[in-house]
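Participant: Pasting in a structure now, in structure tokens, and then I'll have a few things to ask.
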Amino acid sequence: MNAPLPRTNGGCRDAPVLKERGQREVFCGLTGIIWLHRKMQDAFFLVVGSRTCAHLLQSAAGVMIFAEPRFGTAILEESDLAGLADAHEELDREVARLLERRPDIRQLFLVGSCPSEVIKIDLARAAERLSQVHAPHVRVLNYSGSGIETTFTQGEDACLASMVPVLKDTTARELLVVGALPDVVEDQMLGLLSDLGVGPVRLLPARRIDNTTAIGPNTVFALTQPFLGDTHAALERRGARHIAAPFPFGDEGTTAWLRAIATEFDVNEDRFEAVTAAPRARARKAIAQAAEVLNGKSVFFFPDSQLEIPLARFLTRECGMKAVEVGSPYIHDALHGPDLDLLPAGPQISEGQDVDKQLARARDARPDLTVCGLGLANPLEAEGLSTKWAIELVFTPVHFYEQAGDLAGLFSRPLRRKSVLRLEAAE
Amino acid sequence: MKLTVWTYEGPPHVGAMRVATAMKGLHYVLHAPQGDTYADLLFTMIERRNHRPPVTYTTFQARDLGSDTATLFKQSCQEAVDRFDPQAIIVGASCTAELIQDDPAGLAETMGLSIPVIPLELPSYQRKENFGADETFYQIVKHLAQPQDRTARVTCNILGPTALGFRHRDDVEEITGLLSDLGIDVNVVAPLGATPGDIARLPAAHFNVLLSPETGETAARWLEKNHGQPYTKTMPIGVGATRDFIAEVGAITGLPCTPDESRLRMPWWSRSVDSTYLTGKRVFIFGDGTHVAAHTRVARDEMGFEVVGIGCYNREMARPIRALAKEYGVAALITDDYLEVEKAIEKLSPEMILGTQMERHIGKRLGIPCAVISAPVHVQDYPARYSPQVGFEGANVIFDTLIHPLVMGLEEHLLTMFRDDFEFHDAAGPSHHGGQHQMADAGASGGSISGKMIEQVAADDNVIWLSDAERELKKIPFFVRGKARRNTETFAVERGLHEISLDTLYEAKAHYAR
């Protein structure tokens, strides 16, 4: 069972990477708050920033679903920019008012933004001070989701990394699974791990503040999201060991991910087969339906969430697509290496972005499907290219076996739509 | 520092983007960090624009701050001019770039570009989106408008419509038609659809029609002062206001203005007996000052509603809205705090809200019907069909818009007659809106776990949900849970299964997967 998956055509791990620097058509790290606040049900995310930050969160959330969500922006005003002593006092006042109104809040994240970083409001100091004031009921942490430091999903990375130092010490041999997943997916994963006999399993982030998640030299950890580079480093600094594996997208990715953990915990092959056979078969069947549409089609990834490399691996190996370019905001060998090994050689791997140059390459390649952000999707559709909005890949449950068909469906739907519409004028 | 949950207006540079995106041949070089590009999606998604906004973001990062962000700005500016070949550029800073004080205007000036460079000073920490649009348009007009002779025929400009405006696309068409009926040609519409070259021709018109005071008033005032062009003060929204507007145009031009009202249906629709039920409906009106003022008059004088409260989020319009509220004997709510608006609505408990996208959500939460009459709005308020707000067709459209969320007249009578009937009870909601009352029980509508519609099958009592499957089902979001349950049960029945296990649930999910 330890046989590594075969590399296809040499893989992409050693392929030359096109590194670009220029205008980036991506969200900043604040956007992660949209899903993190749903995941951590007793947490409030307070952005210290500008009207732009508030407007971004509102626009990224798309619609306002909740009358009073567990996130907000302390908008800096002219008077705050004049003197910094003021800003700290004002922050203390706003936090006190907020916590008084929302006694259900147990964790408060002070989230740095571009303006707060530029004027150097020390949120670490503020978090320490506010922790003392509001302990033990509320834990106050801080991280930066600013655009000058983080790209889109790196906001979650920064948030989780900020939680690592406050985890307790342990010498127990435990598995820590890292990355925010929708509850239904997380439960499926826990079910699989429990059936394999792997445990105890701890989660970061937990759904509610808990004192049971601990970490130490006997902790091994697995990542469910490919954008957790800083969290990975923070966990290693605490002595935990990473179980490197492809990410659990599709049948193959999920199996490889589970297998890496099973190997670590000495699960025997029979048991592995018994636990995974049925869901694998279901996943394959569900993927096959979408793959009919995707087979033989070309795909071009604009950089967005760092999910691009694992998803390109899934689309090429399990859905029969051909990758033209796979762009990622950042590439970490420790995280993306196993997926790059499996990605068939051929596509241009690119890191960073100069959006106008990349658009020129996409127009040149005329891919059958372009995966890109919302700012680019409609303009490219208007040029006749089919697109998949990348943000849906982050907001929708797509991990593990039972979602593999849904994941493939996200890519096949735009192509199916194009084939069913008859809107051209008669010739 | 002020804690904000939802905002009515974006920052001022988004207002500048609304002007730049509306125009042709103009490019906006914006000194801004990564992430500020989110604003592009407002235009490409909410308004469904098929082009990227003409904005180049310098995209500076933390590591640039210590070194040379000024060079980065100049480089981005030069590349944008080379790539997009605009007739003019506007340059400015977003909130973060304002703090690093690179002076984009000064930098651009030193570059020796052969096209006009229009600098923008938009104080991000004091002002908001509407100010940004108004100021940007004013700066463009001030820099580009050229003194010249008036046109031989009587012409006017239409000022104020922008990208992401509320129904601006159709309002321009409607008002152009109305003016044409009056024998007045349109010289230039700006900013929507105008090039920098068109802006230069603005002073050739005899007067200006100010179609959107929020975004065009400063430019209109400047043109009046510097080029002697009077501008219209009446916003032609509603029947009475449209007639007043026509009279105002007559006074400015000296032309005999007798409009063609043959397409105006609204007065009869409002007088017809089915509309009797509208009488005295208590409405609360909130939005931008211009639309609120216009709808207050429409609500009372043309729909027969009772106005129980009005307010606006743009402080610039506080004075006229307060005066209007006094005239109507109600309190004016001037705030951009969404929670305060919600509190006011809860307290007044109106039968209907005329508001923005935000009030639509308040209405949904409180169970009060809401018609959207003002920005900010969402994608569903950019309709494919022609639906202006101004002029006589606008009045027709507004009548339809305001009654749509309500129960129809005849239907209301039926409600009274069959008060306890299972189909006609208050909670059933209007019959022309799908699926509302079902939301109350298992929340069985909307979304799709499978994307495939199936016929509702008679519940088969022989199928039992095992507890683990039942637990799993509860984890599925409520709005697709009903469909997941039905699909799984159908799947089980078709296969002759009597129990639904966790595996059955996912077998079914895979079966219906698309």
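In the structure tokens, the first chain shown is A, the next is B, and so on; residue numbers restart at 1 for each chain, and ligands run from 1 in the order shown.
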Quick one: everything within 8 Å of Gly394 in chain B, counting only C-alpha atoms, minus sequence neighbours fewer than 3 positions away in the same chain. Send it as an MDAnalysis selection string.

Facilitator: chainID B and resid 171 174 237:238 387:391 397:398

Participant: Set out as CSV a contact list for chain B and chain A with a cut-off of 8 Å, giving each residue of chain B that qualifies its closest atom pair and distance in Å to one decimal, counting only C-alpha atoms, ordered by chain and rising residue number.

Facilitator:
residue,atom,partner,partner_atom,distance
B:Met1,CA,A:Leu76,CA,4.8
B:Lys2,CA,A:Ile75,CA,5.2
B:Leu3,CA,A:Ala74,CA,4.3
B:Thr4,CA,A:Thr73,CA,5.2
B:Val5,CA,A:Gly72,CA,4.7
B:Trp6,CA,A:Gln58,CA,6.5
B:Thr7,CA,A:His55,CA,6.5
B:Glu9,CA,A:His55,CA,7.7
B:Gly10,CA,A:His55,CA,5.5
B:Pro11,CA,A:Thr52,CA,5.4
B:Pro33,CA,A:Ile148,CA,5.8
B:Gln34,CA,A:Gly147,CA,4.8
B:Gly35,CA,A:Cys28,CA,4.2
B:Asp36,CA,A:Phe27,CA,7.3
B:Thr37,CA,A:Glu25,CA,5.7
B:Tyr38,CA,A:Phe27,CA,5.9
B:Ala39,CA,A:Leu56,CA,7.5
B:Asp40,CA,A:Gly375,CA,5.0
B:Leu41,CA,A:Gly375,CA,4.3
B:Leu42,CA,A:Ser59,CA,7.3
B:Phe43,CA,A:Gly375,CA,8.0
B:Thr44,CA,A:Gly375,CA,5.8
B:Met45,CA,A:Leu374,CA,6.8
B:Arg48,CA,A:Asn378,CA,6.9
B:Arg49,CA,A:Asn378,CA,7.0
B:Asn50,CA,A:Pro379,CA,4.4
B:His51,CA,A:Pro379,CA,4.6
B:Arg52,CA,A:Pro379,CA,6.1
B:Thr56,CA,A:Gln23,CA,7.3
B:Tyr57,CA,A:Gln23,CA,6.0
B:Thr58,CA,A:Gln23,CA,6.1
B:Thr59,CA,A:Gln23,CA,5.4
B:Phe60,CA,A:Ile148,CA,6.6
B:Gln61,CA,A:Ile148,CA,4.1
B:Ala62,CA,A:Ile148,CA,4.7
B:Cys95,CA,A:Ser50,CA,7.0
B:Thr96,CA,A:Pro115,CA,5.1
B:Leu99,CA,A:Val118,CA,7.2
B:Ile100,CA,A:Val118,CA,7.5
B:Ser124,CA,A:Arg51,CA,7.8
B:Tyr125,CA,A:Glu77,CA,5.0
B:Gln126,CA,A:Glu78,CA,6.3
B:Met358,CA,A:Met64,CA,7.7
B:His361,CA,A:Met64,CA,7.1
B:Ile362,CA,A:Ala67,CA,7.3
B:Arg365,CA,A:Ala67,CA,7.6
B:His378,CA,A:Val63,CA,8.0
B:Glu472,CA,A:Val184,CA,7.4
B:Lys475,CA,A:Val184,CA,5.8
B:Ile476,CA,A:Val184,CA,6.8
B:Tyr506,CA,A:Glu402,CA,6.8
B:Glu507,CA,A:Arg282,CA,6.7
B:Ala510,CA,A:Ala286,CA,5.1
B:His511,CA,A:Ala286,CA,7.1
B:Ala513,CA,A:Ala286,CA,6.0
B:Arg514,CA,A:Gly409,CA,5.7

Participant: Residues near Ala200 in chain B, anyone? I mean within 7 Å using only C-alpha atoms, not counting same-chain ones fewer than 4 positions away, as a short mmCIF file (atom, residue, chain, number, x, y, z; two decimals) with N, CA and C atoms, in the first residue's frame.

Facilitator:
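File written: around.cif
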data_model
loop_
_atom_site.label_atom_id
_atom_site.label_comp_id
_atom_site.auth_asym_id
_atom_site.auth_seq_id
_atom_site.Cartn_x
_atom_site.Cartn_y
_atom_site.Cartn_z
N LEU B 144 -11.61 69.53 -19.15
CA LEU B 144 -11.74 69.26 -20.59
C LEU B 144 -12.72 70.17 -21.34
N ALA B 145 -13.70 70.76 -20.63
CA ALA B 145 -14.73 71.53 -21.34
C ALA B 145 -14.10 72.76 -22.01
N GLN B 146 -14.45 73.00 -23.27
CA GLN B 146 -13.89 74.11 -24.04
C GLN B 146 -14.96 75.16 -24.33
N PRO B 196 -13.71 61.69 -23.65
CA PRO B 196 -13.14 62.99 -23.28
C PRO B 196 -13.43 64.05 -24.35
#

Participant: Can you pull out every residue within 12 Å of Gly250 in chain B, counting only C-alpha atoms, but drop anything in the same chain fewer than 4 positions away, and send it as an NGL selection string?

Facilitator: :B and (154 or 179 or 182-184 or 207 or 232 or 243-246 or 254-259)

Participant: Keeping N, CA and C atoms, export the residues of the selection given above as a tab-separated table (two decimals), in the first residue's frame.

Facilitator:
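Output saved as part-v3.tsv:
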chain	number	residue	atom	x	y	z
B	154	VAL	N	-32.01	74.28	-30.33
B	154	VAL	CA	-31.97	74.20	-28.87
B	154	VAL	C	-31.54	72.79	-28.46
B	179	LEU	N	-37.41	64.63	-24.30
B	179	LEU	CA	-36.87	65.91	-24.78
B	179	LEU	C	-37.08	66.05	-26.29
B	182	LEU	N	-40.30	67.29	-27.12
B	182	LEU	CA	-40.42	68.72	-26.86
B	182	LEU	C	-39.64	69.54	-27.89
B	183	GLY	N	-38.99	68.85	-28.83
B	183	GLY	CA	-38.22	69.54	-29.86
B	183	GLY	C	-36.82	69.93	-29.41
B	184	ILE	N	-36.28	69.19	-28.43
B	184	ILE	CA	-34.94	69.50	-27.93
B	184	ILE	C	-34.01	68.33	-28.20
B	207	PHE	N	-28.61	74.27	-22.33
B	207	PHE	CA	-28.85	74.08	-20.88
B	207	PHE	C	-28.52	72.62	-20.54
B	232	THR	N	-31.62	71.94	-14.86
B	232	THR	CA	-32.94	71.63	-14.31
B	232	THR	C	-32.80	71.17	-12.86
B	243	ARG	N	-44.36	66.24	-15.14
B	243	ARG	CA	-45.03	67.43	-15.69
B	243	ARG	C	-44.33	68.70	-15.23
B	244	ASP	N	-43.90	68.72	-13.97
B	244	ASP	CA	-43.18	69.89	-13.46
B	244	ASP	C	-41.86	70.09	-14.21
B	245	PHE	N	-41.19	68.98	-14.47
B	245	PHE	CA	-39.93	69.01	-15.19
B	245	PHE	C	-40.13	69.62	-16.58
B	246	ILE	N	-41.20	69.19	-17.25
B	246	ILE	CA	-41.48	69.70	-18.59
B	246	ILE	C	-41.74	71.20	-18.54
B	254	GLY	N	-38.03	78.62	-23.30
B	254	GLY	CA	-39.02	79.46	-23.95
B	254	GLY	C	-39.81	78.73	-25.04
B	255	LEU	N	-39.62	77.41	-25.13
B	255	LEU	CA	-40.36	76.63	-26.13
B	255	LEU	C	-41.73	76.27	-25.57
B	256	PRO	N	-42.75	76.15	-26.43
B	256	PRO	CA	-44.06	75.68	-25.96
B	256	PRO	C	-43.97	74.18	-25.71
B	257	CYS	N	-44.01	73.79	-24.43
B	257	CYS	CA	-43.78	72.38	-24.12
B	257	CYS	C	-45.08	71.66	-23.84
B	258	THR	N	-45.61	70.98	-24.84
B	258	THR	CA	-46.81	70.17	-24.65
B	258	THR	C	-46.46	68.72	-24.94
B	259	PRO	N	-46.30	67.97	-23.89
B	259	PRO	CA	-45.82	66.60	-24.07
B	259	PRO	C	-46.90	65.65	-24.58

Participant: Quick one: residues within 10 Å of Ile334 in chain B, only C-alpha atoms, excluding same-chain residues fewer than 5 positions away - as a PyMOL selection string?

Facilitator: chain B and resi 286-287+289+310-319+321-322+340-341

Participant: What is the CA of Ile243 in chain A to CA of Ala222 in chain A distance in Å?

Facilitator: 5.4 Å

Participant: Quick one, how far is CA of Gly296 in chain A from CA of Lys322 in chain A?

Facilitator: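 Computed distance, CA of Gly296 in chain A to CA of Lys322 in chain A, equals 6.5 Å.
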
Participant: Grab the CA of Ser328 in chain A to CA of Trp389 in chain A distance for me, in Å with one decimal place.

Facilitator: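 A separation of 14.8 Å between them.
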
Participant: Would you mind writing down, as a ChimeraX atom specification, each residue of range 191-330 of chain A that DSSP on the backbone assigns to alpha helix (DSSP H)?

Facilitator: /A:191-196,229-237,250-264,269-294,308-319

Participant: Using only C-alpha atoms, which residues sit within 12 Å of Ile118 in chain B once same-chain residues fewer than 6 positions away are excluded, as a PyMOL selection string?

Facilitator: chain B and resi 16+20+26-29+87-92+104-109+135-144+196

Participant: Please, could you write that set of residues out with C-alpha atoms as a PDB file, in the first residue's frame?

Facilitator:
ATOM      1  CA  ALA B  16     -14.388  57.579  -9.494  1.00  0.00           C
ATOM      2  CA  ALA B  20     -14.409  56.013 -15.541  1.00  0.00           C
ATOM      3  CA  LEU B  26     -10.762  57.424 -20.469  1.00  0.00           C
ATOM      4  CA  HIS B  27      -8.470  55.388 -18.218  1.00  0.00           C
ATOM      5  CA  TYR B  28      -8.088  55.482 -14.436  1.00  0.00           C
ATOM      6  CA  VAL B  29      -4.653  54.818 -12.962  1.00  0.00           C
ATOM      7  CA  GLN B  87      -7.677  60.135 -24.842  1.00  0.00           C
ATOM      8  CA  ALA B  88      -7.179  61.222 -21.227  1.00  0.00           C
ATOM      9  CA  ILE B  89      -6.365  59.648 -17.880  1.00  0.00           C
ATOM     10  CA  ILE B  90      -7.513  60.300 -14.352  1.00  0.00           C
ATOM     11  CA  VAL B  91      -5.022  59.499 -11.600  1.00  0.00           C
ATOM     12  CA  GLY B  92      -5.601  59.038  -7.908  1.00  0.00           C
ATOM     13  CA  PRO B 104       0.098  60.387  -8.025  1.00  0.00           C
ATOM     14  CA  ALA B 105      -0.984  63.701  -9.565  1.00  0.00           C
ATOM     15  CA  GLY B 106       2.475  65.241  -9.266  1.00  0.00           C
ATOM     16  CA  LEU B 107       4.161  62.064 -10.471  1.00  0.00           C
ATOM     17  CA  ALA B 108       1.933  61.794 -13.544  1.00  0.00           C
ATOM     18  CA  GLU B 109       2.560  65.447 -14.378  1.00  0.00           C
ATOM     19  CA  GLU B 135     -16.006  65.176  -7.676  1.00  0.00           C
ATOM     20  CA  THR B 136     -14.423  63.029 -10.410  1.00  0.00           C
ATOM     21  CA  PHE B 137     -16.979  64.072 -12.985  1.00  0.00           C
ATOM     22  CA  TYR B 138     -16.550  67.711 -11.967  1.00  0.00           C
ATOM     23  CA  GLN B 139     -12.752  67.503 -12.341  1.00  0.00           C
ATOM     24  CA  ILE B 140     -13.090  65.897 -15.772  1.00  0.00           C
ATOM     25  CA  VAL B 141     -15.521  68.584 -16.926  1.00  0.00           C
ATOM     26  CA  LYS B 142     -13.408  71.384 -15.481  1.00  0.00           C
ATOM     27  CA  HIS B 143     -10.269  70.103 -17.214  1.00  0.00           C
ATOM     28  CA  LEU B 144     -11.738  69.264 -20.594  1.00  0.00           C
ATOM     29  CA  PRO B 196     -13.144  62.992 -23.284  1.00  0.00           C
TER      30      PRO B 196
END

Participant: Determine, counting only C-alpha atoms, which protein, DNA and RNA residues have an atom within 12 Å of an atom of Thr279 in chain B; residues of the same chain fewer than 4 positions away are not included. Present the result as a ChimeraX atom specification.

Facilitator: /B:270-275,283,299-307,351,403,409
